[in-house]
$ cat structure.txt   # compact mmCIF, C-alpha atoms and all ligand atoms
# COMPACT_ATOMS: atom_id res chain seq x y z
CA MET A 22 97.22 130.85 118.50
CA GLY A 23 97.28 127.31 119.81
CA SER A 24 97.12 124.49 117.35
CA LEU A 25 96.76 120.78 117.92
CA THR A 26 99.33 118.50 116.37
CA LEU A 27 98.53 117.55 112.79
CA PRO A 28 99.55 114.16 111.41
CA ARG A 29 102.97 114.24 109.73
CA LYS A 30 103.66 110.78 108.39
CA VAL A 31 100.96 109.66 106.00
CA VAL A 32 100.14 106.81 103.63
CA VAL A 33 97.63 107.19 100.80
CA LEU A 34 96.07 103.88 99.73
CA GLY A 35 94.42 104.28 96.34
CA SER A 36 96.30 107.50 95.54
CA THR A 37 95.48 107.29 91.81
CA GLY A 38 91.71 107.29 92.34
CA SER A 39 89.23 110.11 92.82
CA ILE A 40 89.63 110.27 96.63
CA GLY A 41 93.39 109.75 96.36
CA LEU A 42 93.64 112.71 93.98
CA SER A 43 91.50 114.85 96.29
CA THR A 44 93.73 113.91 99.22
CA LEU A 45 96.93 114.94 97.44
CA SER A 46 95.22 118.07 96.14
CA LEU A 47 94.27 119.00 99.70
CA PHE A 48 97.87 118.53 100.87
CA GLU A 49 99.00 120.78 98.05
CA GLU A 50 96.33 123.47 98.48
CA SER A 51 96.65 123.63 102.25
CA GLY A 52 100.44 123.43 102.30
CA VAL A 53 100.44 121.12 105.33
CA PRO A 54 103.93 119.70 105.83
CA VAL A 55 103.36 115.98 105.32
CA GLU A 56 105.89 113.24 104.85
CA ILE A 57 104.36 110.64 102.55
CA LEU A 58 105.62 107.18 103.42
CA ALA A 59 103.74 105.35 100.68
CA LEU A 60 101.44 105.87 97.72
CA THR A 61 99.59 102.84 96.37
CA ALA A 62 97.68 102.21 93.15
CA GLY A 63 95.85 99.37 91.45
CA ARG A 64 96.81 99.51 87.77
CA ASN A 65 97.40 103.11 86.75
CA VAL A 66 101.18 103.00 86.71
CA GLU A 67 101.63 106.24 84.74
CA ARG A 68 99.70 108.26 87.29
CA LEU A 69 101.46 106.55 90.19
CA ILE A 70 104.86 107.38 88.69
CA ALA A 71 103.89 111.03 88.24
CA GLN A 72 102.61 111.23 91.83
CA ALA A 73 105.70 109.53 93.23
CA ARG A 74 107.97 111.88 91.29
CA GLN A 75 106.12 114.84 92.77
CA TRP A 76 105.69 113.62 96.36
CA ARG A 77 108.78 111.42 96.80
CA PRO A 78 107.30 108.78 99.12
CA ALA A 79 109.63 106.12 100.54
CA VAL A 80 107.77 103.53 98.47
CA ALA A 81 105.29 103.45 95.58
CA VAL A 82 103.25 100.27 95.27
CA ILE A 83 101.29 98.98 92.32
CA GLU A 84 98.90 96.11 93.03
CA ASP A 85 99.13 94.75 89.47
CA GLU A 86 102.43 92.85 89.50
CA THR A 87 102.75 92.92 85.71
CA LYS A 88 103.39 96.69 86.03
CA LEU A 89 106.35 96.45 88.39
CA ALA A 90 108.99 96.74 85.66
CA ALA A 91 107.30 99.88 84.29
CA LEU A 92 107.09 101.35 87.80
CA LYS A 93 110.80 100.66 88.43
CA ASP A 94 111.70 102.26 85.11
CA GLY A 95 109.60 105.31 85.81
CA LEU A 96 111.12 105.81 89.24
CA ALA A 97 114.74 105.24 88.25
CA GLY A 98 117.00 107.80 89.82
CA THR A 99 114.36 109.17 92.21
CA GLY A 100 115.27 107.11 95.28
CA VAL A 101 111.62 106.01 95.58
CA ARG A 102 111.40 102.25 96.09
CA ALA A 103 109.02 100.38 93.78
CA ALA A 104 106.96 97.39 94.92
CA ALA A 105 104.04 95.37 93.59
CA GLY A 106 101.30 92.96 94.64
CA ALA A 107 98.51 92.85 97.20
CA ALA A 108 100.87 91.90 100.03
CA ALA A 109 103.08 94.92 99.26
CA VAL A 110 100.00 97.19 99.41
CA ALA A 111 99.20 95.83 102.89
CA GLU A 112 102.84 96.28 103.94
CA ALA A 113 102.72 99.90 102.81
CA ALA A 114 99.59 100.38 104.92
CA ALA A 115 101.50 99.18 107.98
CA MET A 116 104.62 101.34 107.61
CA GLY A 117 103.93 103.22 110.81
CA ALA A 118 102.17 106.31 109.51
CA ASP A 119 100.25 108.62 111.86
CA TRP A 120 97.46 108.84 109.31
CA VAL A 121 96.37 106.46 106.59
CA MET A 122 93.92 107.41 103.86
CA SER A 123 91.98 104.25 103.01
CA ALA A 124 90.74 104.97 99.48
CA ILE A 125 90.99 101.71 97.57
CA VAL A 126 87.66 100.81 95.99
CA GLY A 127 85.83 97.65 97.01
CA ALA A 128 86.53 94.84 99.44
CA ALA A 129 90.07 94.80 98.00
CA GLY A 130 90.64 97.61 100.49
CA LEU A 131 89.87 95.45 103.49
CA ALA A 132 93.22 93.72 104.04
CA PRO A 133 95.31 96.92 103.74
CA THR A 134 92.86 98.80 105.96
CA VAL A 135 93.10 96.06 108.59
CA ALA A 136 96.91 96.17 108.30
CA ALA A 137 96.80 99.92 108.95
CA ALA A 138 94.35 99.48 111.83
CA GLU A 139 96.68 97.00 113.52
CA THR A 140 99.37 99.71 113.75
CA GLY A 141 97.10 102.04 115.74
CA ALA A 142 97.18 104.74 113.05
CA VAL A 143 94.36 107.19 112.52
CA ILE A 144 92.47 105.80 109.55
CA ALA A 145 90.65 108.22 107.30
CA LEU A 146 88.11 105.80 105.89
CA ALA A 147 86.72 106.39 102.42
CA ASN A 148 86.65 102.69 101.53
CA LYS A 149 83.11 102.00 102.79
CA GLU A 150 83.11 98.46 101.36
CA SER A 151 85.68 97.34 103.95
CA LEU A 152 83.32 98.47 106.71
CA VAL A 153 80.30 96.85 105.10
CA CYS A 154 82.30 93.66 104.59
CA ALA A 155 83.79 93.40 108.09
CA GLY A 156 82.86 96.52 110.05
CA PRO A 157 82.63 95.24 113.63
CA ALA A 158 85.89 93.29 113.33
CA LEU A 159 87.73 96.18 111.68
CA LEU A 160 86.58 98.71 114.27
CA ALA A 161 87.53 96.34 117.11
CA ILE A 162 91.04 95.92 115.67
CA ALA A 163 91.51 99.70 115.41
CA LYS A 164 90.27 100.21 118.96
CA ALA A 165 92.44 97.44 120.42
CA ALA A 166 95.52 98.95 118.74
CA GLY A 167 94.73 102.40 120.18
CA GLY A 168 93.92 103.93 116.82
CA SER A 169 90.78 105.44 115.41
CA VAL A 170 88.64 105.35 112.30
CA ILE A 171 87.43 108.72 111.07
CA PRO A 172 84.87 108.66 108.28
CA VAL A 173 85.58 110.39 104.98
CA ASP A 174 82.30 109.49 103.30
CA SER A 175 80.61 112.90 103.29
CA GLU A 176 77.43 111.71 105.04
CA HIS A 177 79.34 109.99 107.83
CA SER A 178 81.74 112.88 108.17
CA ALA A 179 78.67 115.11 108.61
CA ILE A 180 77.23 112.86 111.32
CA PHE A 181 80.64 112.54 112.97
CA GLN A 182 80.88 116.32 113.09
CA VAL A 183 77.41 116.94 114.59
CA LEU A 184 77.21 113.94 116.90
CA GLN A 185 77.64 115.13 120.47
CA PRO A 186 79.72 112.42 122.17
CA ASP A 187 77.94 112.91 125.52
CA CYS A 188 74.51 112.60 123.93
CA ALA A 189 74.94 109.45 121.84
CA HIS A 190 72.12 107.84 123.86
CA ARG A 191 69.86 110.78 122.95
CA VAL A 192 70.00 110.18 119.20
CA ALA A 193 66.55 109.54 117.76
CA ARG A 194 67.58 109.18 114.09
CA LEU A 195 70.53 109.45 111.78
CA ILE A 196 69.28 110.96 108.53
CA LEU A 197 71.47 110.30 105.51
CA THR A 198 71.00 112.61 102.56
CA ALA A 199 71.20 111.18 99.04
CA SER A 200 71.51 113.11 95.80
CA GLY A 201 69.27 110.58 94.07
CA GLY A 202 71.93 110.09 91.39
CA PRO A 203 71.60 110.59 87.63
CA PHE A 204 68.37 108.53 87.35
CA ARG A 205 66.42 110.27 90.11
CA THR A 206 63.70 111.36 87.70
CA TRP A 207 63.93 108.51 85.15
CA ASP A 208 61.18 105.96 84.71
CA LYS A 209 61.86 102.23 84.92
CA ALA A 210 61.86 101.66 81.15
CA ALA A 211 64.55 104.30 80.70
CA MET A 212 66.54 102.89 83.61
CA ALA A 213 66.39 99.40 82.08
CA ALA A 214 68.12 100.75 78.97
CA ALA A 215 70.64 102.94 80.83
CA THR A 216 74.25 102.70 79.64
CA PRO A 217 77.40 102.73 81.80
CA GLU A 218 78.17 106.22 80.45
CA GLN A 219 74.81 107.53 81.65
CA ALA A 220 75.16 105.80 85.02
CA ILE A 221 78.55 107.28 85.82
CA ALA A 222 77.56 110.85 84.89
CA HIS A 223 76.78 111.98 88.42
CA PRO A 224 75.03 115.35 88.74
CA ASN A 225 77.04 116.73 91.71
CA TRP A 226 80.13 114.64 92.43
CA SER A 227 83.00 113.46 90.23
CA MET A 228 83.85 109.98 91.53
CA GLY A 229 85.25 106.60 90.52
CA ALA A 230 83.14 104.42 88.22
CA LYS A 231 82.05 101.89 90.85
CA ILE A 232 80.69 104.37 93.40
CA SER A 233 79.08 106.35 90.57
CA VAL A 234 77.10 103.27 89.53
CA ASP A 235 76.28 102.67 93.22
CA SER A 236 74.88 106.21 93.35
CA ALA A 237 72.78 105.55 90.26
CA THR A 238 71.26 102.36 91.78
CA MET A 239 71.20 104.01 95.24
CA MET A 240 73.11 101.00 96.56
CA ASN A 241 75.58 103.65 97.66
CA LYS A 242 73.02 104.82 100.21
CA GLY A 243 72.35 101.20 101.18
CA LEU A 244 76.06 100.65 101.83
CA GLU A 245 76.09 103.93 103.74
CA MET A 246 73.22 102.84 106.02
CA ILE A 247 75.29 99.82 106.99
CA GLU A 248 78.41 101.96 107.32
CA ALA A 249 76.52 104.36 109.62
CA SER A 250 75.10 101.53 111.70
CA TYR A 251 78.58 100.15 112.41
CA LEU A 252 80.40 103.46 112.81
CA PHE A 253 77.85 105.02 115.12
CA ASP A 254 76.56 101.84 116.75
CA THR A 255 73.01 102.63 115.65
CA PRO A 256 70.35 100.08 114.72
CA GLU A 257 68.78 100.01 111.28
CA ALA A 258 65.44 101.27 112.60
CA LYS A 259 67.04 104.57 113.60
CA ILE A 260 68.62 105.28 110.19
CA ASP A 261 66.65 107.10 107.52
CA VAL A 262 67.40 108.33 104.02
CA VAL A 263 66.10 111.50 102.42
CA VAL A 264 66.78 112.53 98.83
CA HIS A 265 68.30 116.01 98.61
CA PRO A 266 69.33 116.65 94.98
CA GLN A 267 71.62 119.65 95.68
CA SER A 268 74.03 117.68 97.96
CA VAL A 269 74.55 120.69 100.23
CA ILE A 270 73.29 119.20 103.50
CA HIS A 271 75.57 116.19 103.92
CA SER A 272 73.52 114.47 106.65
CA LEU A 273 71.66 115.15 109.89
CA VAL A 274 71.28 113.87 113.43
CA GLU A 275 67.90 114.13 115.11
CA TYR A 276 67.93 114.10 118.90
CA THR A 277 65.22 112.91 121.29
CA ASP A 278 64.25 116.50 122.14
CA GLY A 279 63.24 117.13 118.52
CA SER A 280 66.33 119.17 117.69
CA THR A 281 68.04 118.23 114.41
CA LEU A 282 71.64 119.16 113.62
CA ALA A 283 73.00 119.19 110.09
CA GLN A 284 76.38 119.74 108.45
CA LEU A 285 76.52 121.72 105.20
CA GLY A 286 79.11 122.54 102.58
CA PRO A 287 79.72 122.67 98.84
CA PRO A 288 80.08 119.17 97.36
CA ASP A 289 83.88 118.79 97.49
CA MET A 290 85.41 115.67 99.04
CA ARG A 291 88.42 117.69 100.17
CA SER A 292 86.19 119.06 102.91
CA PRO A 293 85.52 115.74 104.70
CA ILE A 294 89.13 114.68 103.96
CA SER A 295 90.44 117.83 105.65
CA CYS A 296 88.15 117.16 108.61
CA ALA A 297 89.50 113.61 108.95
CA PHE A 298 93.06 114.90 108.58
CA ALA A 299 92.97 117.62 111.21
CA TRP A 300 90.40 116.24 113.68
CA PRO A 301 89.81 117.42 116.40
CA ASP A 302 91.44 120.57 115.02
CA ARG A 303 90.44 122.18 111.71
CA LEU A 304 92.59 123.07 108.73
CA GLU A 305 92.72 126.54 107.34
CA TRP A 306 92.84 126.29 103.56
CA PRO A 307 91.22 128.05 100.59
CA ALA A 308 88.16 125.82 100.52
CA ALA A 309 85.15 126.89 98.49
CA ARG A 310 82.61 128.50 100.82
CA LEU A 311 78.91 127.86 100.83
CA ASP A 312 76.80 130.57 99.17
CA LEU A 313 73.26 129.67 100.23
CA ALA A 314 71.68 132.63 98.44
CA ALA A 315 73.22 131.40 95.18
CA TYR A 316 71.44 128.08 95.70
CA GLY A 317 68.15 129.87 96.40
CA GLN A 318 66.46 126.74 97.61
CA LEU A 319 67.27 123.31 98.93
CA THR A 320 64.78 120.55 98.21
CA PHE A 321 63.97 117.15 99.70
CA GLU A 322 61.94 114.08 98.73
CA SER A 323 61.47 110.47 99.84
CA PRO A 324 63.43 107.80 97.97
CA ASP A 325 61.43 105.67 95.53
CA LEU A 326 61.91 102.10 96.72
CA ASP A 327 60.23 100.67 93.64
CA ARG A 328 62.80 102.11 91.24
CA PHE A 329 65.67 101.78 93.73
CA PRO A 330 65.07 98.37 95.38
CA LEU A 331 68.69 98.06 96.57
CA LEU A 332 67.91 100.52 99.34
CA ASP A 333 65.46 98.03 100.80
CA ILE A 334 67.71 95.05 100.11
CA ALA A 335 70.50 96.78 102.05
CA ARG A 336 68.17 97.58 104.90
CA GLU A 337 67.10 93.95 105.05
CA ALA A 338 70.75 92.79 104.99
CA LEU A 339 71.51 95.08 107.90
CA ARG A 340 68.48 93.76 109.78
CA LEU A 341 69.57 90.15 109.14
CA GLU A 342 73.16 90.88 110.21
CA GLY A 343 75.37 87.74 110.14
CA GLY A 344 77.02 87.50 106.75
CA ALA A 345 74.27 89.29 104.84
CA PRO A 346 75.94 92.73 104.51
CA THR A 347 79.21 91.06 103.47
CA ALA A 348 77.52 88.90 100.83
CA MET A 349 75.43 91.80 99.57
CA ASN A 350 78.50 93.97 99.10
CA ALA A 351 80.39 91.23 97.25
CA ALA A 352 77.43 90.49 94.96
CA ASN A 353 77.08 94.19 94.21
CA GLU A 354 80.75 94.49 93.25
CA VAL A 355 80.41 91.56 90.84
CA ALA A 356 77.15 92.90 89.38
CA VAL A 357 78.46 96.46 88.95
CA ALA A 358 81.58 95.16 87.18
CA ALA A 359 79.34 93.12 84.84
CA PHE A 360 77.19 96.19 84.12
CA LEU A 361 80.24 98.36 83.40
CA ASP A 362 81.42 95.56 81.12
CA ARG A 363 78.00 95.62 79.35
CA ARG A 364 77.30 92.00 80.27
CA ILE A 365 74.08 92.84 82.14
CA GLY A 366 71.60 95.71 82.13
CA PHE A 367 71.25 98.41 84.75
CA LEU A 368 68.20 96.91 86.51
CA ASP A 369 69.90 93.50 86.51
CA ILE A 370 72.33 94.81 89.15
CA ALA A 371 69.65 94.80 91.85
CA ALA A 372 68.23 91.51 90.60
CA ALA A 373 71.68 89.87 90.72
CA VAL A 374 72.29 91.09 94.27
CA ALA A 375 68.89 89.82 95.40
CA GLY A 376 69.41 86.49 93.60
CA THR A 377 72.83 86.00 95.21
CA LEU A 378 71.51 86.73 98.69
CA GLU A 379 68.66 84.26 98.19
CA ARG A 380 71.05 81.50 97.09
CA MET A 381 73.52 82.26 99.88
CA ASN A 382 70.67 82.13 102.36
CA SER A 383 69.25 78.83 101.10
CA LEU A 384 72.74 77.30 101.27
CA GLY A 385 72.99 78.45 104.90
CA ASN A 386 76.01 80.59 104.00
CA LEU A 387 74.73 83.75 105.69
CA ALA A 388 74.57 82.25 109.16
CA VAL A 389 78.29 82.82 109.81
CA ALA A 390 78.69 86.07 111.65
CA GLN A 391 81.03 88.37 109.76
CA SER A 392 81.67 90.26 112.97
CA ASP A 393 83.58 87.30 114.42
CA ALA A 394 86.73 87.83 112.44
CA VAL A 395 88.02 89.41 109.28
CA GLU A 396 88.79 85.90 107.97
CA ASN A 397 85.11 84.94 108.23
CA ALA A 398 84.11 88.02 106.31
CA MET A 399 86.65 87.20 103.61
CA MET A 400 85.26 83.66 103.31
CA ILE A 401 81.69 84.94 102.94
CA ASP A 402 82.92 87.55 100.46
CA ALA A 403 84.61 84.86 98.34
CA SER A 404 81.63 82.50 98.29
CA ALA A 405 79.20 85.35 97.49
CA ARG A 406 81.46 86.37 94.57
CA ARG A 407 81.37 82.84 93.17
CA ILE A 408 77.57 82.67 93.38
CA ALA A 409 77.12 86.20 92.06
CA ALA A 410 79.28 85.34 89.04
CA GLU A 411 76.94 82.43 88.27
CA VAL A 412 73.83 84.58 88.73
CA VAL A 413 75.33 87.25 86.47
CA ALA A 414 76.29 84.66 83.83
CA GLN A 415 72.68 83.41 83.75
CA LYS A 416 71.35 86.93 83.24
CA HIS A 417 73.98 87.55 80.56
CA ARG A 418 72.89 84.43 78.65
CA ARG A 419 69.30 85.66 78.77
CA LEU A 420 70.15 89.08 77.32
P1 LIG B 501 88.44 105.16 92.14
O1 LIG B 501 87.99 104.03 91.31
O2 LIG B 501 88.54 106.51 91.55
O3 LIG B 501 89.85 104.81 92.82
C1 LIG B 501 90.08 103.59 93.42
C2 LIG B 501 91.53 103.46 93.83
O4 LIG B 501 91.77 102.12 94.28
C3 LIG B 501 92.52 103.70 92.69
O5 LIG B 501 93.69 104.26 93.21
C4 LIG B 501 92.75 102.29 92.17
O6 LIG B 501 93.96 102.16 91.47
C5 LIG B 501 92.81 101.53 93.48
N1 LIG B 501 92.51 100.11 93.36
C6 LIG B 501 91.50 99.54 92.65
N2 LIG B 501 91.53 98.20 92.80
C7 LIG B 501 92.57 97.93 93.61
C8 LIG B 501 93.12 96.72 94.13
N3 LIG B 501 92.58 95.52 93.85
N4 LIG B 501 94.20 96.79 94.94
C9 LIG B 501 94.75 97.99 95.23
N5 LIG B 501 94.28 99.17 94.77
C10 LIG B 501 93.21 99.13 93.96
O7 LIG B 501 87.43 105.19 93.40
P2 LIG B 501 87.07 106.42 94.35
O8 LIG B 501 88.28 107.20 94.69
O9 LIG B 501 85.90 107.12 93.80
O10 LIG B 501 86.56 105.65 95.65
C11 LIG B 501 87.45 105.04 96.56
C12 LIG B 501 86.66 104.60 97.78
O11 LIG B 501 86.13 105.77 98.41
C13 LIG B 501 85.45 103.73 97.44
O12 LIG B 501 85.28 102.79 98.46
C14 LIG B 501 84.29 104.70 97.43
O13 LIG B 501 83.07 104.09 97.77
C15 LIG B 501 84.73 105.67 98.52
N6 LIG B 501 84.15 107.01 98.38
C16 LIG B 501 84.42 107.77 97.28
C17 LIG B 501 83.88 109.03 97.13
C18 LIG B 501 84.22 109.88 95.95
O14 LIG B 501 83.81 111.04 95.93
N7 LIG B 501 84.95 109.41 94.99
C19 LIG B 501 82.95 109.56 98.13
C20 LIG B 501 82.76 108.71 99.27
C21 LIG B 501 83.34 107.47 99.38
P3 LIG B 501 94.09 102.37 89.84
O15 LIG B 501 93.16 103.47 89.46
O16 LIG B 501 95.54 102.70 89.74
O17 LIG B 501 93.75 101.07 89.22
MG MG B 502 78.70 109.26 100.56
$ encode --input "structure.txt" --output "structure tokens"
Amino acid sequence: MGSLTLPRKVVVLGSTGSIGLSTLSLFEESGVPVEILALTAGRNVERLIAQARQWRPAVAVIEDETKLAALKDGLAGTGVRAAAGAAAVAEAAAMGADWVMSAIVGAAGLAPTVAAAETGAVIALANKESLVCAGPALLAIAKAAGGSVIPVDSEHSAIFQVLQPDCAHRVARLILTASGGPFRTWDKAAMAAATPEQAIAHPNWSMGAKISVDSATMMNKGLEMIEASYLFDTPEAKIDVVVHPQSVIHSLVEYTDGSTLAQLGPPDMRSPISCAFAWPDRLEWPAARLDLAAYGQLTFESPDLDRFPLLDIAREALRLEGGAPTAMNAANEVAVAAFLDRRIGFLDIAAAVAGTLERMNSLGNLAVAQSDAVENAMMIDASARRIAAEVVAQKHRRL
């Protein structure tokens, strides 16, 4: 039985998060012989130490420099090097791995993902914010270095799997499925009073706090429209969203002849991770299989743009191009952090993103094209964060 060559040397950026854990779990369950060059974390030093003790990477990196002493202590006698700081995370990304899992949350993942892209590695991209922030520049860097970016986001993995490379010009629509999140059936008054605990209790997926809130506001689907547009070079007008509460159909591609192809599977992120790991081969591992009869029925509905305005705001940002997607993403990160911190209410997230974009636009700050260079995107990101912090502070004072 012939088998294509699987990646051997890997780096996992964001190993202590939900996607990082799923990645290591997949390695364990599938028994693939990987050599882990680096594991990186943000602040969870205990979990990083435990992972490094199990997987024995060459280096374990913690972004929070105040935790370096604890990391060194925890790794004493293991031979695993300890490092700290954002620059060390980017260095770990560029260690020369065949395959890099990009699973840091937020635009903080951009610099390490770019560093990995510059080495020509295959990048398994979970960190959608880096694409939204600087997608065209990031993809160009990967291409120029002879590497590739394979989506891990389940919707984009689905599209990637059913997109026929020879028929890209025959795509009529990319159709992203959305679970609708925990507030799919809530009215606006209930949403206004929603707590962080309620927002992060996702019905189908267990994920990090930030993306869980994004699912609850449906900004996640907005970010994913932009991600899809960049990854598959498809204009906004050809990208649709349909709510599918069971999260079994992960997305669809409609062709010009009226044929629509979909990818299905149980909601388990190890499935798209395994696809990104083995592509164009497939792994054989004890994955849960889909039992359609057990589901009985799959249902679909249109998203409610009145209760989930961020979907429209994201569509508009994509239409505007320039720095709008970058600024929108940054404002959303600031607003979600404020909501999780109980400084603003749930519906204030969308209002803060809209308010930031308006101010950025009136200052002429959106005219800079983020596609020009990663540095431009980082500048827009920084100025949007400053403005978003002011907008959030105003809302907080009013609460
Ligand atoms: P988590 O919050 O669970 O994990 C985030 C990871 O990033 C952690 O390892 C965290 O470290 C690390 N991190 C946070 N901030 C920094 C920083 N400033 N510098 C370096 N590392 C940092 O998020 P998820 O795993 O849920 O999501 C990761 C990415 O994947 C996101 O972009 C998300 O949108 C995307 N994604 C996630 C899915 C999911 O099912 N979870 C599905 C599709 C996409 P620590 O915890 O140690 O602080
Ligand atoms: Mg997704």
$ closest_atom_pairs --input "structure.txt" --of "chain A" --to "ligand LIG 501 (chain B)" --cutoff "7 Å" --atoms "only C-alpha atoms and all ligand atoms" --output "tab-separated table"
residue	atom	partner	partner_atom	distance
A:Leu34	CA	B:LIG501	O5	7.0
A:Gly35	CA	B:LIG501	O5	3.2
A:Ser36	CA	B:LIG501	O5	4.8
A:Thr37	CA	B:LIG501	O5	3.8
A:Gly38	CA	B:LIG501	O3	3.1
A:Ser39	CA	B:LIG501	O8	3.6
A:Ile40	CA	B:LIG501	O8	3.9
A:Gly41	CA	B:LIG501	O8	6.0
A:Thr61	CA	B:LIG501	N5	6.7
A:Ala62	CA	B:LIG501	O16	4.1
A:Gly63	CA	B:LIG501	O6	3.4
A:Arg64	CA	B:LIG501	O17	3.7
A:Asn65	CA	B:LIG501	O16	3.5
A:Val66	CA	B:LIG501	O16	6.4
A:Glu84	CA	B:LIG501	C9	5.1
A:Ala107	CA	B:LIG501	N4	6.3
A:Val110	CA	B:LIG501	C9	6.8
A:Ala124	CA	B:LIG501	C11	4.4
A:Ile125	CA	B:LIG501	O4	3.4
A:Val126	CA	B:LIG501	C13	3.9
A:Gly127	CA	B:LIG501	O12	5.4
A:Ala129	CA	B:LIG501	N3	4.9
A:Gly130	CA	B:LIG501	N4	6.6
A:Ala147	CA	B:LIG501	O11	4.1
A:Asn148	CA	B:LIG501	O12	3.4
A:Lys149	CA	B:LIG501	O12	4.9
A:Glu150	CA	B:LIG501	O12	5.6
A:Val173	CA	B:LIG501	C20	6.6
A:Asp174	CA	B:LIG501	C20	4.1
A:Ser175	CA	B:LIG501	C20	6.2
A:Trp226	CA	B:LIG501	O14	6.2
A:Ser227	CA	B:LIG501	O14	6.2
A:Met228	CA	B:LIG501	N7	3.7
A:Gly229	CA	B:LIG501	O9	3.4
A:Ala230	CA	B:LIG501	O1	5.8
A:Lys231	CA	B:LIG501	O1	6.3
A:Ile232	CA	B:LIG501	O13	5.0
A:Met290	CA	B:LIG501	O14	5.8
$ write_last_selection --input "structure.txt" --atoms "C-alpha atoms" --output "compact mmCIF listing (two decimals), in the coordinates of the input"
# COMPACT_ATOMS: atom_id res chain seq x y z
CA LEU A 34 96.07 103.88 99.73
CA GLY A 35 94.42 104.28 96.34
CA SER A 36 96.30 107.50 95.54
CA THR A 37 95.48 107.29 91.81
CA GLY A 38 91.71 107.29 92.34
CA SER A 39 89.23 110.11 92.82
CA ILE A 40 89.63 110.27 96.63
CA GLY A 41 93.39 109.75 96.36
CA THR A 61 99.59 102.84 96.37
CA ALA A 62 97.68 102.21 93.15
CA GLY A 63 95.85 99.37 91.45
CA ARG A 64 96.81 99.51 87.77
CA ASN A 65 97.40 103.11 86.75
CA VAL A 66 101.18 103.00 86.71
CA GLU A 84 98.90 96.11 93.03
CA ALA A 107 98.51 92.85 97.20
CA VAL A 110 100.00 97.19 99.41
CA ALA A 124 90.74 104.97 99.48
CA ILE A 125 90.99 101.71 97.57
CA VAL A 126 87.66 100.81 95.99
CA GLY A 127 85.83 97.65 97.01
CA ALA A 129 90.07 94.80 98.00
CA GLY A 130 90.64 97.61 100.49
CA ALA A 147 86.72 106.39 102.42
CA ASN A 148 86.65 102.69 101.53
CA LYS A 149 83.11 102.00 102.79
CA GLU A 150 83.11 98.46 101.36
CA VAL A 173 85.58 110.39 104.98
CA ASP A 174 82.30 109.49 103.30
CA SER A 175 80.61 112.90 103.29
CA TRP A 226 80.13 114.64 92.43
CA SER A 227 83.00 113.46 90.23
CA MET A 228 83.85 109.98 91.53
CA GLY A 229 85.25 106.60 90.52
CA ALA A 230 83.14 104.42 88.22
CA LYS A 231 82.05 101.89 90.85
CA ILE A 232 80.69 104.37 93.40
CA MET A 290 85.41 115.67 99.04
$ closest_atom_pairs --input "structure.txt" --of "chain A" --to "ligand MG 502 (chain B)" --cutoff "8 Å" --atoms "only C-alpha atoms and all ligand atoms" --output "CSV"
residue,atom,partner,partner_atom,distance
A:Asp174,CA,B:MG502,MG,4.5
A:Ser175,CA,B:MG502,MG,4.9
A:Glu176,CA,B:MG502,MG,5.3
A:His177,CA,B:MG502,MG,7.3
A:Ala199,CA,B:MG502,MG,7.9
A:Asn241,CA,B:MG502,MG,7.0
A:Lys242,CA,B:MG502,MG,7.2
A:Glu245,CA,B:MG502,MG,6.7
$ residues_near_point --input "structure.txt" --point "(68.6, 90.5, 102.9)" --cutoff "10 Å" --atoms "all atoms listed in the file" --output "VMD selection string"
chain A and resid 331 333 to 342 344 to 346 348 to 349 374 to 375 377 to 379 382 387
$ axis_aligned_box --input "structure.txt" --around "segment 92-107 of chain A" --padding-each-side "8 Å" --output "lines of an AutoDock Vina configuration file"
center_x = 107.8
center_y = 101.0
center_z = 91.2
size_x = 34.5
size_y = 32.3
size_z = 28.1
$ atom_distance --input "structure.txt" --atom1 "atom CA of Thr347 of chain A" --atom2 "atom CA of His271 of chain A"
25.4 Å
$ residues_around --input "structure.txt" --residues "Val170 of chain A" --least-positions-apart "3" --cutoff "12 Å" --atoms "only C-alpha atoms" --output "MDAnalysis selection string"
chainID A and resid 120:123 134:135 137:139 141:149 151:152 156:157 159:167 173:174 177:178 181 248 251:253 297:298 300
